[in-house]
Every structure is written in structure tokens, then in C-alpha cells.
file start_35.txt (compact mmCIF, C-alpha atoms and all ligand atoms)
# COMPACT_ATOMS: atom_id res chain seq x y z
CA MET A 686 5.45 37.62 3.45
CA PRO A 687 7.49 35.85 6.18
CA ALA A 688 11.16 36.79 6.18
CA SER A 689 12.20 33.18 5.95
CA SER A 690 10.68 32.80 2.50
CA ALA A 691 12.28 35.98 1.12
CA SER A 692 15.91 34.89 1.23
CA PRO A 693 17.78 36.11 -1.88
CA HIS A 694 20.07 33.08 -1.71
CA PRO A 695 19.13 29.64 -2.97
CA PRO A 696 19.70 26.94 -0.34
CA LEU A 697 23.22 25.57 -0.23
CA PRO A 698 23.54 22.16 -1.80
CA THR A 699 23.75 19.52 0.89
CA THR A 700 26.26 16.79 0.30
CA VAL A 701 27.52 14.00 2.50
CA LEU A 702 31.29 13.79 2.98
CA LEU A 703 32.45 10.35 4.11
CA CYS A 704 35.82 11.26 5.52
CA GLY A 705 38.85 9.45 6.92
CA GLY A 706 37.96 5.88 5.99
CA HIS A 707 39.82 3.18 4.06
CA GLY A 708 39.02 1.88 0.62
CA PRO A 709 38.65 -1.90 0.15
CA ASP A 710 42.43 -2.15 -0.43
CA GLY A 711 43.15 -0.46 2.89
CA ASP A 712 44.29 2.89 1.42
CA ARG A 713 42.72 6.14 2.62
CA LEU A 714 39.54 7.06 0.70
CA ASP A 715 37.13 9.98 1.06
CA LEU A 716 33.81 10.09 -0.81
CA ARG A 717 31.37 12.95 -1.33
CA CYS A 718 27.78 11.90 -2.06
CA ASP A 719 24.87 13.93 -3.35
CA PRO A 720 21.51 12.81 -1.96
CA SER A 721 19.67 14.87 -4.59
CA THR A 722 21.08 12.71 -7.40
CA GLY A 723 21.96 9.61 -5.41
CA LEU A 724 25.46 9.65 -6.89
CA ILE A 725 29.05 9.82 -5.68
CA VAL A 726 30.27 13.24 -6.85
CA ASP A 727 33.87 13.14 -5.61
CA ALA A 728 36.30 10.38 -4.69
CA ALA A 729 39.91 10.91 -3.57
CA PRO A 730 42.32 9.85 -0.83
CA GLN A 731 41.61 13.16 0.93
CA LEU A 732 38.83 15.65 0.19
CA ALA A 733 38.65 19.13 1.73
CA GLU A 734 35.38 19.94 3.45
CA GLN A 735 33.31 22.44 1.47
CA ASP A 736 30.12 24.46 1.93
CA GLY A 737 27.10 22.25 2.08
CA ASP A 738 28.96 19.15 3.26
CA THR A 739 27.58 17.12 6.09
CA TRP A 740 30.78 15.65 7.50
CA VAL A 741 30.68 11.98 8.48
CA ASP A 742 33.65 10.59 10.39
CA CYS A 743 34.65 7.24 8.88
CA SER A 744 37.86 6.77 10.88
CA ASP A 745 38.65 3.07 11.36
CA LEU A 746 35.95 2.11 8.84
CA VAL A 747 36.31 0.48 5.42
CA LEU A 748 34.17 1.92 2.63
CA LEU A 749 32.69 -0.81 0.43
CA PRO A 750 30.28 -0.97 -2.49
CA ALA A 751 27.04 -1.65 -0.63
CA PRO A 752 25.78 -5.22 -0.75
CA VAL A 753 22.42 -6.14 -2.23
CA GLU A 754 20.32 -9.12 -1.23
CA PRO A 755 19.45 -10.85 -4.51
CA HIS A 756 17.41 -13.63 -2.91
CA ALA A 757 15.45 -13.14 0.31
CA HIS A 758 12.14 -14.51 1.59
CA LEU A 759 10.83 -11.64 3.70
CA ASP A 760 7.39 -13.30 4.00
CA LYS A 761 8.94 -16.35 5.70
CA ALA A 762 11.60 -14.56 7.75
CA LEU A 763 11.59 -14.78 11.55
CA SER A 764 8.89 -17.49 11.62
CA GLY A 765 11.12 -20.36 12.74
CA ASP A 766 9.86 -20.50 16.32
CA ARG A 767 6.28 -20.87 15.11
CA ALA A 768 6.90 -23.36 12.30
CA PRO A 769 9.63 -25.72 13.49
CA ASN A 770 11.29 -28.09 11.00
CA PRO A 771 12.55 -31.06 13.03
CA LYS A 772 13.72 -32.93 9.89
CA GLY A 773 15.94 -29.99 8.99
CA ASP A 774 15.88 -30.72 5.26
CA LEU A 775 14.15 -29.00 2.34
CA LEU A 776 11.06 -31.20 2.27
CA GLY A 777 10.71 -30.88 6.05
CA ALA A 778 10.89 -27.10 5.67
CA ILE A 779 8.30 -27.06 2.89
CA GLU A 780 5.95 -29.26 4.97
CA ALA A 781 6.36 -27.10 8.07
CA TRP A 782 5.92 -23.85 6.16
CA HIS A 783 2.93 -24.97 4.12
CA ALA A 784 1.18 -26.26 7.25
CA TYR A 785 1.66 -22.89 8.89
CA ARG A 786 1.46 -20.22 6.17
CA GLY A 787 -2.31 -20.40 5.64
CA SER A 788 -2.88 -19.17 9.19
CA ILE A 789 -0.80 -15.99 8.79
CA ASP A 790 -2.70 -12.75 8.31
CA GLU A 791 -1.52 -9.79 6.26
CA ALA A 792 -0.46 -7.74 9.32
CA ASP A 793 1.79 -10.55 10.55
CA PHE A 794 3.37 -11.00 7.12
CA ALA A 795 4.05 -7.26 6.95
CA ALA A 796 5.45 -6.98 10.48
CA ARG A 797 7.98 -9.80 10.01
CA ALA A 798 8.89 -8.64 6.51
CA LYS A 799 9.55 -5.12 7.74
CA ALA A 800 11.59 -6.33 10.72
CA ALA A 801 13.72 -8.56 8.46
CA ALA A 802 14.18 -5.77 5.89
CA LEU A 803 15.29 -3.34 8.60
CA GLU A 804 17.85 -5.88 9.85
CA LEU A 805 19.25 -5.98 6.32
CA VAL A 806 19.31 -2.18 6.10
CA ALA A 807 21.07 -1.86 9.46
CA HIS A 808 23.74 -4.23 8.16
CA GLY A 809 24.18 -2.25 4.93
CA THR A 810 21.87 -3.93 2.42
CA THR A 811 19.49 -1.38 0.98
CA THR A 812 18.30 -3.16 -2.17
CA ILE A 813 16.47 -6.39 -1.51
CA ARG A 814 14.94 -8.83 -3.96
CA SER A 815 12.42 -10.92 -2.06
CA HIS A 816 10.58 -13.96 -3.28
CA VAL A 817 7.04 -14.01 -1.87
CA ASP A 818 4.89 -17.13 -1.74
CA VAL A 819 1.71 -17.16 -3.82
CA GLY A 820 -0.43 -20.29 -3.67
CA PRO A 821 -3.59 -22.09 -2.58
CA GLY A 822 -4.89 -21.22 0.88
CA LEU A 823 -2.73 -18.12 0.85
CA GLY A 824 -3.65 -16.36 -2.36
CA LEU A 825 -1.96 -12.98 -2.69
CA ARG A 826 -2.02 -12.16 1.05
CA GLY A 827 1.74 -12.38 1.54
CA LEU A 828 2.40 -10.45 -1.66
CA TYR A 829 0.09 -7.59 -0.64
CA ALA A 830 1.77 -7.45 2.77
CA VAL A 831 5.35 -7.35 1.46
CA ALA A 832 4.27 -4.85 -1.24
CA SER A 833 3.08 -2.54 1.55
CA VAL A 834 6.51 -2.84 3.19
CA LYS A 835 8.14 -2.10 -0.16
CA GLU A 836 6.09 1.08 -0.47
CA GLU A 837 6.81 2.18 3.11
CA LEU A 838 10.57 1.65 2.80
CA ALA A 839 10.69 3.45 -0.56
CA ARG A 840 8.73 6.39 0.84
CA SER A 841 11.05 6.65 3.82
CA GLY A 842 14.11 6.39 1.58
CA LEU A 843 15.52 3.44 3.56
CA ALA A 844 15.56 0.69 0.95
CA ASP A 845 14.34 -0.50 -2.43
CA LEU A 846 12.55 -3.84 -2.74
CA GLN A 847 11.94 -6.01 -5.77
CA LEU A 848 9.21 -8.63 -5.42
CA VAL A 849 9.27 -12.06 -7.07
CA ALA A 850 5.97 -13.94 -7.22
CA LEU A 851 7.04 -17.40 -6.01
CA ILE A 852 4.18 -19.54 -7.26
CA SER A 853 3.49 -22.89 -5.63
CA CYS A 854 3.71 -26.14 -7.57
CA PRO A 855 2.26 -27.93 -9.43
CA LEU A 856 2.15 -25.46 -12.25
CA THR A 857 1.65 -27.97 -15.06
CA GLY A 858 -1.30 -30.15 -16.01
CA PRO A 859 -4.90 -29.88 -14.84
CA GLU A 860 -3.74 -29.83 -11.19
CA GLY A 861 -1.74 -26.69 -11.92
CA ALA A 862 -4.69 -24.60 -13.14
CA GLU A 863 -5.26 -22.77 -9.83
CA ASN A 864 -1.59 -21.92 -9.47
CA ARG A 865 -1.34 -20.72 -13.05
CA ASP A 866 -4.26 -18.38 -12.40
CA LEU A 867 -2.78 -17.18 -9.10
CA LEU A 868 0.50 -16.36 -10.80
CA ARG A 869 -1.35 -14.35 -13.44
CA GLN A 870 -3.14 -12.46 -10.66
CA ALA A 871 0.11 -11.85 -8.77
CA MET A 872 1.80 -10.31 -11.79
CA ALA A 873 -1.27 -8.17 -12.47
CA ALA A 874 -1.24 -7.07 -8.81
CA GLY A 875 2.24 -5.62 -9.11
CA ALA A 876 4.80 -8.37 -8.56
CA ASP A 877 7.95 -7.30 -10.41
CA ILE A 878 9.38 -10.68 -11.37
CA VAL A 879 8.10 -14.14 -12.33
CA GLY A 880 9.28 -16.84 -9.92
CA GLY A 881 8.80 -20.48 -9.10
CA ALA A 882 10.53 -23.69 -8.13
CA PRO A 883 10.12 -25.96 -11.16
CA HIS A 884 12.14 -28.81 -9.62
CA LEU A 885 9.14 -29.35 -7.29
CA ASP A 886 6.75 -29.80 -10.25
CA PRO A 887 5.95 -33.29 -11.60
CA ASP A 888 7.12 -31.91 -14.95
CA PRO A 889 10.12 -29.66 -14.18
CA GLY A 890 10.84 -28.94 -17.85
CA GLY A 891 7.21 -28.02 -18.56
CA ALA A 892 7.03 -25.78 -15.48
CA THR A 893 10.25 -24.05 -16.52
CA ARG A 894 8.95 -23.40 -20.02
CA ASP A 895 5.67 -22.05 -18.64
CA LEU A 896 7.42 -19.63 -16.27
CA VAL A 897 9.84 -18.40 -18.93
CA ALA A 898 6.98 -17.91 -21.42
CA ARG A 899 5.07 -15.79 -18.91
CA ALA A 900 8.10 -13.60 -18.24
CA ALA A 901 8.65 -13.19 -21.97
CA ALA A 902 5.01 -12.22 -22.53
CA LEU A 903 5.14 -9.66 -19.73
CA ALA A 904 8.71 -8.50 -20.54
CA THR A 905 9.63 -8.94 -16.86
CA PRO A 906 12.67 -10.68 -15.38
CA VAL A 907 12.38 -14.30 -14.31
CA ASP A 908 14.02 -15.65 -11.16
CA LEU A 909 13.69 -19.37 -10.46
CA HIS A 910 14.66 -21.71 -7.64
CA VAL A 911 16.56 -24.28 -9.68
CA ASP A 912 17.84 -27.72 -8.75
CA GLU A 913 17.68 -27.36 -4.99
CA THR A 914 18.73 -30.97 -4.68
CA LEU A 915 21.83 -33.15 -4.70
CA ASP A 916 20.10 -35.50 -7.16
CA PRO A 917 22.48 -35.41 -10.15
CA THR A 918 19.71 -36.38 -12.57
CA MET A 919 17.63 -33.26 -11.94
CA LEU A 920 19.48 -30.53 -13.88
CA ALA A 921 16.46 -28.31 -14.56
CA LEU A 922 19.11 -25.64 -15.10
CA ARG A 923 19.68 -27.10 -18.54
CA ASP A 924 15.92 -26.83 -19.31
CA TYR A 925 16.00 -23.23 -18.10
CA ALA A 926 18.83 -22.30 -20.46
CA ALA A 927 17.07 -24.04 -23.36
CA ALA A 928 13.72 -22.35 -22.59
CA LEU A 929 15.34 -18.91 -22.48
CA GLY A 930 16.91 -19.59 -25.87
CA GLU A 931 13.42 -19.41 -27.40
CA TYR A 932 13.04 -15.71 -26.52
CA ASP A 933 14.96 -12.50 -26.79
CA THR A 934 12.63 -10.24 -24.81
CA ILE A 935 13.45 -11.24 -21.23
CA PRO A 936 15.30 -8.45 -19.43
CA GLY A 937 16.97 -10.58 -16.73
CA ALA A 938 17.10 -14.28 -15.91
CA VAL A 939 18.32 -15.55 -12.56
CA ALA A 940 18.77 -19.08 -11.24
CA GLY A 941 18.95 -19.53 -7.49
CA HIS A 942 20.71 -22.50 -5.83
CA CYS A 943 21.66 -24.75 -8.81
CA VAL A 944 22.80 -27.31 -6.21
CA SER A 945 22.83 -30.33 -8.53
CA LEU A 946 25.33 -28.64 -10.86
CA GLY A 947 27.83 -28.95 -8.01
CA VAL A 948 27.70 -32.77 -8.03
CA GLN A 949 28.32 -33.21 -11.77
CA THR A 950 31.64 -34.22 -13.31
CA PRO A 951 33.94 -31.34 -14.28
CA GLU A 952 33.14 -31.98 -17.96
CA VAL A 953 29.37 -31.73 -17.42
CA GLN A 954 29.80 -28.68 -15.19
CA ALA A 955 31.78 -26.92 -17.94
CA GLU A 956 29.24 -27.91 -20.61
CA ILE A 957 26.25 -26.64 -18.64
CA ALA A 958 28.08 -23.52 -17.44
CA ALA A 959 28.65 -22.64 -21.11
CA GLU A 960 24.92 -23.09 -21.83
CA VAL A 961 24.07 -20.90 -18.81
CA ALA A 962 26.47 -18.20 -20.01
CA ALA A 963 25.02 -18.29 -23.53
CA ALA A 964 21.49 -17.97 -22.11
CA GLY A 965 22.53 -14.95 -20.01
CA ILE A 966 21.46 -16.53 -16.72
CA ALA A 967 22.95 -15.10 -13.52
CA VAL A 968 23.42 -17.81 -10.87
CA VAL A 969 22.83 -17.12 -7.18
CA PRO A 970 24.30 -19.67 -4.76
CA LEU A 971 22.79 -19.36 -1.30
CA PRO A 972 25.39 -20.83 1.03
CA GLN A 973 23.42 -20.47 4.26
CA THR A 974 20.45 -22.57 3.21
CA ASN A 975 22.45 -24.81 0.90
CA LEU A 976 24.65 -25.77 3.85
CA TYR A 977 21.69 -25.99 6.23
CA LEU A 978 19.20 -28.00 4.15
CA GLN A 979 21.36 -30.24 1.97
CA SER A 980 23.26 -33.43 2.83
CA ARG A 981 21.32 -34.35 5.95
CA ASP A 982 21.20 -37.96 4.76
CA HIS A 983 24.98 -38.15 4.28
CA ASP A 984 26.60 -39.56 7.40
CA VAL A 985 30.09 -39.42 5.94
CA SER A 986 31.74 -36.44 4.22
CA PRO A 987 28.50 -34.57 3.48
CA PRO A 988 28.64 -32.46 0.30
CA ARG A 989 28.44 -28.71 0.88
CA GLY A 990 25.45 -28.33 -1.43
CA LEU A 991 26.89 -25.33 -3.23
CA THR A 992 26.75 -24.97 -6.98
CA ALA A 993 29.83 -25.24 -9.23
CA VAL A 994 31.06 -21.71 -8.63
CA ALA A 995 34.48 -22.17 -10.24
CA ALA A 996 33.05 -23.71 -13.44
CA LEU A 997 30.47 -20.93 -13.71
CA HIS A 998 33.12 -18.26 -13.22
CA ALA A 999 35.31 -19.93 -15.83
CA ALA A 1000 32.44 -19.76 -18.32
CA GLY A 1001 31.91 -16.05 -17.61
CA VAL A 1002 28.62 -16.44 -15.75
CA THR A 1003 27.61 -13.75 -13.23
CA VAL A 1004 27.68 -15.50 -9.86
CA ALA A 1005 26.03 -13.54 -7.08
CA ALA A 1006 25.39 -14.76 -3.55
CA GLY A 1007 22.53 -14.22 -1.16
CA ALA A 1008 21.34 -15.16 2.30
CA ASP A 1009 17.98 -16.73 1.34
CA ASN A 1010 16.13 -17.74 4.51
CA VAL A 1011 16.62 -16.20 7.93
CA ARG A 1012 15.33 -17.82 11.11
CA ASP A 1013 12.50 -19.74 9.49
CA PRO A 1014 11.81 -23.45 8.72
CA PHE A 1015 14.41 -23.34 5.91
CA ASN A 1016 17.23 -21.99 8.07
CA ALA A 1017 17.20 -21.84 11.85
CA VAL A 1018 19.88 -19.15 12.01
CA GLY A 1019 21.18 -16.26 9.88
CA ARG A 1020 21.60 -12.61 10.83
CA SER A 1021 20.55 -10.78 7.62
CA ASP A 1022 24.10 -9.66 7.01
CA ALA A 1023 25.96 -9.78 3.69
CA LEU A 1024 29.22 -10.04 5.64
CA GLU A 1025 27.97 -13.44 6.85
CA THR A 1026 27.19 -14.52 3.28
CA ALA A 1027 30.56 -13.24 2.08
CA ALA A 1028 32.39 -15.14 4.84
CA LEU A 1029 30.57 -18.34 3.81
CA MET A 1030 31.58 -17.77 0.17
CA VAL A 1031 35.19 -17.54 1.40
CA MET A 1032 35.00 -20.64 3.59
CA ALA A 1033 32.57 -22.93 1.74
CA ALA A 1034 33.01 -21.79 -1.89
CA HIS A 1035 36.74 -20.97 -1.55
CA LEU A 1036 36.50 -17.50 -3.05
CA SER A 1037 39.02 -14.83 -2.11
CA PRO A 1038 37.63 -12.10 0.17
CA ALA A 1039 37.55 -9.70 -2.81
CA ALA A 1040 35.67 -12.19 -5.01
CA ALA A 1041 33.30 -13.00 -2.16
CA TRP A 1042 32.49 -9.33 -1.66
CA HIS A 1043 31.98 -8.96 -5.41
CA SER A 1044 29.47 -11.83 -5.22
CA VAL A 1045 27.34 -10.04 -2.60
CA SER A 1046 27.72 -6.55 -4.08
CA ASN A 1047 28.37 -5.84 -7.75
CA ALA A 1048 27.60 -9.33 -9.07
CA GLY A 1049 24.35 -9.16 -7.11
CA ARG A 1050 23.64 -5.74 -8.58
CA THR A 1051 24.22 -7.09 -12.09
CA ALA A 1052 21.97 -10.09 -11.40
CA ILE A 1053 19.06 -7.91 -10.32
CA GLY A 1054 19.49 -5.26 -13.01
CA LEU A 1055 21.42 -2.48 -11.25
CA PRO A 1056 24.57 -0.64 -12.37
CA PRO A 1057 27.81 -1.44 -10.51
CA VAL A 1058 29.42 0.64 -7.74
CA HIS A 1059 33.20 1.04 -7.95
CA LEU A 1060 33.37 3.90 -5.40
CA GLU A 1061 34.22 6.35 -8.18
CA GLU A 1062 32.77 9.69 -9.21
CA GLY A 1063 29.47 9.18 -11.05
CA ASP A 1064 28.70 5.82 -9.42
CA PRO A 1065 25.51 5.23 -7.45
CA ALA A 1066 26.17 6.34 -3.87
CA GLU A 1067 25.37 2.93 -2.36
CA ILE A 1068 28.00 2.45 0.30
CA LEU A 1069 28.62 0.41 3.43
CA ALA A 1070 31.21 1.71 5.89
CA VAL A 1071 32.15 -0.97 8.40
CA ARG A 1072 34.84 -1.27 11.05
CA GLY A 1073 38.08 -2.72 9.73
CA THR A 1074 41.36 -1.87 8.09
CA SER A 1075 40.76 -3.65 4.79
CA LEU A 1076 38.05 -5.67 3.07
CA ALA A 1077 39.38 -9.01 4.36
CA ASP A 1078 39.61 -7.61 7.88
CA ALA A 1079 36.04 -6.27 7.67
CA ILE A 1080 34.63 -9.62 6.48
CA ALA A 1081 36.51 -11.46 9.20
CA ARG A 1082 35.37 -9.15 12.01
CA ALA A 1083 31.81 -8.55 10.75
CA SER A 1084 31.55 -5.75 13.28
CA ASP A 1085 28.18 -4.13 13.83
CA GLU A 1086 29.95 -0.75 13.78
CA ARG A 1087 28.55 0.52 10.47
CA ILE A 1088 27.35 3.53 8.50
CA VAL A 1089 24.95 2.79 5.66
CA VAL A 1090 24.51 5.13 2.68
CA HIS A 1091 21.58 4.69 0.30
CA ARG A 1092 20.89 7.04 -2.60
CA GLY A 1093 23.58 9.35 -1.26
CA ALA A 1094 22.14 9.76 2.24
CA VAL A 1095 23.08 8.13 5.54
CA VAL A 1096 20.11 5.86 6.32
CA ALA A 1097 21.45 3.79 9.22
CA ARG A 1098 24.26 3.99 11.72
CA THR A 1099 25.23 1.48 14.40
CA THR A 1100 27.82 2.16 17.05
CA VAL A 1101 29.42 -0.45 19.26
CA ALA A 1102 31.09 0.21 22.59
CA THR A 1103 33.18 -2.43 24.33
CA THR A 1104 34.47 -1.96 27.83
CA PHE A 1105 36.75 -4.25 29.82
CA ALA A 1106 36.73 -4.71 33.54
CA PRO A 1107 39.52 -2.77 35.23
CA HIS A 1108 42.62 -4.88 35.61
CA PRO A 1109 45.63 -3.75 37.64
CA ALA A 1110 48.94 -3.23 35.89
CA PRO A 1111 51.54 -5.89 36.83
CA ALA A 1112 53.95 -4.88 39.54
CA PRO A 1113 57.24 -3.54 38.13
CA ILE A 1114 60.14 -5.98 38.06
CA THR A 1115 62.78 -5.24 40.65
CA ALA A 1116 66.36 -6.43 41.11
CA ALA A 1117 65.10 -8.96 43.69
CA ASP A 1118 63.08 -10.69 40.97
CA LEU A 1119 66.09 -11.33 38.77
CA VAL A 1120 67.60 -14.79 38.94
CA PRO A 1121 71.32 -14.92 38.07
CA LEU A 1122 72.23 -17.13 35.13
CA PRO A 1123 74.00 -20.36 36.19
ZN ZN A 1201 14.79 -19.14 -1.90
call {"tool": "encode", "arguments": {"input": "start_35.txt", "output": "C-alpha cells"}}
result
Amino acid sequence: MPASSASPHPPLPTTVLLCGGHGPDGDRLDLRCDPSTGLIVDAAPQLAEQDGDTWVDCSDLVLLPAPVEPHAHLDKALSGDRAPNPKGDLLGAIEAWHAYRGSIDEADFAARAKAAALELVAHGTTTIRSHVDVGPGLGLRGLYAVASVKEELARSGLADLQLVALISCPLTGPEGAENRDLLRQAMAAGADIVGGAPHLDPDPGGATRDLVARAAALATPVDLHVDETLDPTMLALRDYAAALGEYDTIPGAVAGHCVSLGVQTPEVQAEIAAEVAAAGIAVVPLPQTNLYLQSRDHDVSPPRGLTAVAALHAAGVTVAAGADNVRDPFNAVGRSDALETAALMVMAAHLSPAAAWHSVSNAGRTAIGLPPVHLEEGDPAEILAVRGTSLADAIARASDERIVVHRGAVVARTTVATTFAPHPAPAPITAADLVPLP
């Protein structure tokens, strides 16, 4: 028997000690993580190194509950150069994407999805909920491709993906038969969540009821694109809340966008926010695409296109925030970084930095069915360490200097080095330089 297999000692436990960083409030915080359980096992201002620790220097970094991405489109990501949207609005994006998507093969879907997912991981987001188009001329090709990326990232321990089958419209009436069948196939093929955009259906209320009924029958979550319009008469959000009220078997309901709620009167906002709270819907504003796609026909004082965040908070609704589209027909820019989303929630939704970070981290975790992370013993070891002295400083800088911990292990690390050109010190002041006072 080889000597190496005859050791009388069990292997030392291997833990990860994040040492010397700041907590979100700026105070010193050390964390010990256990990759075998995926949990934080120790949290204190200063922890002594112990046997089995892998020491990770977090000097000058802020330790934060890791962000999640509650609403991505990995199948569309990084396609903007190939499917330009000169109109710049939502319908222009849909036209450009639908004209292009049928020509994409599975390998191309998978390559872009993986590249976009890895950008998210590098920035600290290791749980990603992605909507994936399912529809005529495309079938389940995109779903199979992103499912292969999900499997690869799970196997490598880099990230967890949740896949929403985003069925095309129409879904109702005789014209919707093909899409209804495709959605059934997508859920049978392994999609985790029922999705759709009922405001694009000729019968938004009917489409909403159909999607909710399917989720109830399958006991899966439902995650809809709702009211992605400034048209105040749309309000499919109200239909969504009413449809959910018919069931008690749906494990998680999410409404993305909810743009038209933002243009209602305060009274209507409060009324609908109460209905949303009672229905248990988590709302996900998506400031990047809301700002990019909405209001293009407003020449004066364009609305921001964000939902009524304050009214939803006041009603007790979980309000998460996501990045949505990245460098595709629906958004020409975006860097797959929750710090970007958080900064937009500060600037465009007027949240405090702490509330903005909550919206991209723990509120997002709640929305997609995960337990929260408070950086305490026993919490999931899902952590982003990023350069800064406090949470607000980290959001403002959005440095790429980061260490990413997923399931207790370091899965990504980015270092940044800045150098300045040499510049001579100023000549010392001498007595000859002094000018006497008058
Ligand atoms: Zn979306």
C-alpha cells in the first residue's frame, strides 16, 4: 500500500480566512468560511489564524453580502453588435432581436451566455437567474444552450444559475397554441421557472392567468416581465396579483420592471402596492434597461421609467434590483456588475447606498428563494470583497479589485495596478522666493 494512503491522521479541515477587511459599516471584520458546508463559521473584528486556514488578505477591501442577479438574459447578452437597435426603444429591441435570434446556433448561445456569466462572477455575482427566450423559429435551442452553461458552472463550483422559460407572445387564443406547447416543452425540458411578458399579448390579463396557472400546476416559481411601458392604462401588475390570489401552491412570484406603476398617482401606487404585498410578489426594477428603453418619445423632462420603489417599500414589498440586458439590442452598454446596478438605484431611485446594496443582495436573494447573508456565523458564505473603506465608498468607486467567495471558496480574484508617470518633486522654497508683506 502506498505510504501516502496510510496516514493515521485525517486531513486537516480546510477553511478560508478572509482577514483584515472592513465590514459594510467600515469597521474591521474577519470571516472564516468552510467550503465543505458553504457556510460562514466565524465572524469577528479580528480572528486568529488556525490550522487548516487558507489566509486571504482583505486589506483595503470591504466585505459585503454577495450580490445576486435576479433578472439576466444570458441568451441575448453580448449580441448588440450583431443585432443593432437604431430606434433604441423596447419595440425596436424586440424587432431587432426577433429578426436575429432565429439564426443563432446552440454553440453561439452557449458561448455568449458563458462569457456573460463569467463577467458576473468576476464582479462578485455567483447566483444568476436568467430568462431564456423560447418561441417560434427558435424552439428550445437557447434554453438547451444556457442549461449546458448552468451545468458547467455548477460542476466547476463557480456559480449557480436558475433558468426562466421566457415564452414568446401571443400566448392566448388560437394564435397562441404553438407558444403554449413550447412553454410546456420548456418546463418539461428542465426550465426552473415559468416566465413570459403578458403585456405584449393581445390579452394581457388572459396571458397572466395562463402563466400563473401553469406555475401553480407545476409548483414552480413564476417570474414575469410586467408593464414594461409608461402607458398608465396597462397595469397588468394588478392582474398578476389577482391571478396569484387564486392559488396557494406557488413557491415564489416575481414581477420584473413594473414601469407603469411609476406613473400612477400616489393613491393608486399605494393601492396596488398593497395588492402586490398581499399576493407575495417580489418586484424587480431594472434601472439599466428602464432608463435605456423608456421615454425615448419624451423630448422634455423624460420620466426615468422606474417603478414606484418608495410606495412598494412602504407596503412591505420585497424590492430587488437587477441589470437585465447587457450589450444587446435592449441595452447598448452595461458591465455585468451589481455595483453598477446599485449606483443606479442610488442615483435614479434615490435609495441610500445601504438600501441600494440590499436591493442587489439580500432582497434579490429573497426574491429568487435564497436565505439572506448578514455576514454572521451560520450564514451562507456568499461574499464579495471589493476595494473601499465602506459600502458607500465601494459603490462609488466600483473598483475591479475584488475577491469573490461562493459556497465558502474563493472562485474569482481580480487585482488592479495603477502606476503614474514619474513627476519631479517641486523645488524647495528658499528665502529668495519670499515676498515681504507690504
Ligand atoms: Zn428582462
call {"tool": "closest_atom_pairs", "arguments": {"input": "start_35.txt", "of": "stretch 806-914 of chain A", "to": "stretch 1076-1091 of chain A", "cutoff": "12 Å", "atoms": "all atoms listed in the file", "output": "CSV"}}
result
residue,atom,partner,partner_atom,distance
A:Val806,CA,A:Val1089,CA,7.5
A:Ala807,CA,A:Val1089,CA,7.1
A:His808,CA,A:Arg1087,CA,7.1
A:Gly809,CA,A:Val1089,CA,5.2
A:Thr810,CA,A:Val1089,CA,8.1
A:Thr811,CA,A:His1091,CA,6.5
A:Thr812,CA,A:His1091,CA,8.9
A:Leu838,CA,A:His1091,CA,11.7
A:Ala839,CA,A:His1091,CA,11.0
A:Ser841,CA,A:His1091,CA,11.3
A:Gly842,CA,A:His1091,CA,7.8
A:Leu843,CA,A:His1091,CA,7.0
A:Ala844,CA,A:His1091,CA,7.3
A:Asp845,CA,A:His1091,CA,9.3
call {"tool": "residues_near_ligand", "arguments": {"input": "start_35.txt", "ligand": "ligand ZN 1201 (chain A)", "cutoff": "9 Å", "atoms": "all atoms listed in the file", "output": "NGL selection string"}}
result
:A and (756-758 or 815-816 or 851 or 882 or 909-910 or 941-942 or 971 or 974 or 1008-1010 or 1015)
call {"tool": "closest_residue", "arguments": {"input": "start_35.txt", "among": "A:Gln954, A:Thr857, A:Ser1021, A:Ser1046", "to": "A:Leu749", "atoms": "all atoms listed in the file"}}
result
A:Ser1046
call {"tool": "atom_distance", "arguments": {"input": "start_35.txt", "atom1": "atom CA of A:Asp912", "atom2": "atom CA of A:Ala996"}}
result
16.4 Å
call {"tool": "residues_around", "arguments": {"input": "start_35.txt", "residues": "A:Glu863", "least_positions_apart": "2", "cutoff": "12 Å", "atoms": "only C-alpha atoms", "output": "list in words"}}
result
Val819, Gly820, Pro821, Gly822, Leu823, Gly824, Ile852, Ser853, Cys854, Pro855, Leu856, Thr857, Gly858, Pro859, Glu860, Gly861, Arg865, Asp866, Leu867, Leu868, Arg869 and Gln870 of chain A
call {"tool": "atom_distance", "arguments": {"input": "start_35.txt", "atom1": "atom CA of A:Asp818", "atom2": "atom CA of A:Ala830"}}
result
11.1 Å
call {"tool": "residues_around", "arguments": {"input": "start_35.txt", "residues": "A:Gly1019", "least_positions_apart": "2", "cutoff": "12 Å", "atoms": "all atoms listed in the file", "output": "ChimeraX atom specification"}}
result
/A:757,762-763,765,801,804-805,971-974,976-977,1007-1017,1021-1026,1029
call {"tool": "residues_around", "arguments": {"input": "start_35.txt", "residues": "A:Arg786", "least_positions_apart": "5", "cutoff": "10 Å", "atoms": "only C-alpha atoms", "output": "PyMOL selection string"}}
result
chain A and resi 760-761+764+768+781+794+818+822-823+827
call {"tool": "residues_near_point", "arguments": {"input": "start_35.txt", "point": "(8.7, -6.2, -15.1)", "cutoff": "7 Å", "atoms": "all atoms listed in the file", "output": "VMD selection string"}}
result
chain A and resid 877 to 878 903 to 906
call {"tool": "closest_residue", "arguments": {"input": "start_35.txt", "among": "A:Ala778, A:Ala900, A:Ala959, A:Ala1070", "to": "A:Cys704", "atoms": "all atoms listed in the file"}}
result
A:Ala1070
call {"tool": "closest_residue", "arguments": {"input": "start_35.txt", "among": "A:Gly1073, A:Gly880, A:Gly937, A:Pro988", "to": "A:His707", "atoms": "all atoms listed in the file"}}
result
A:Gly1073
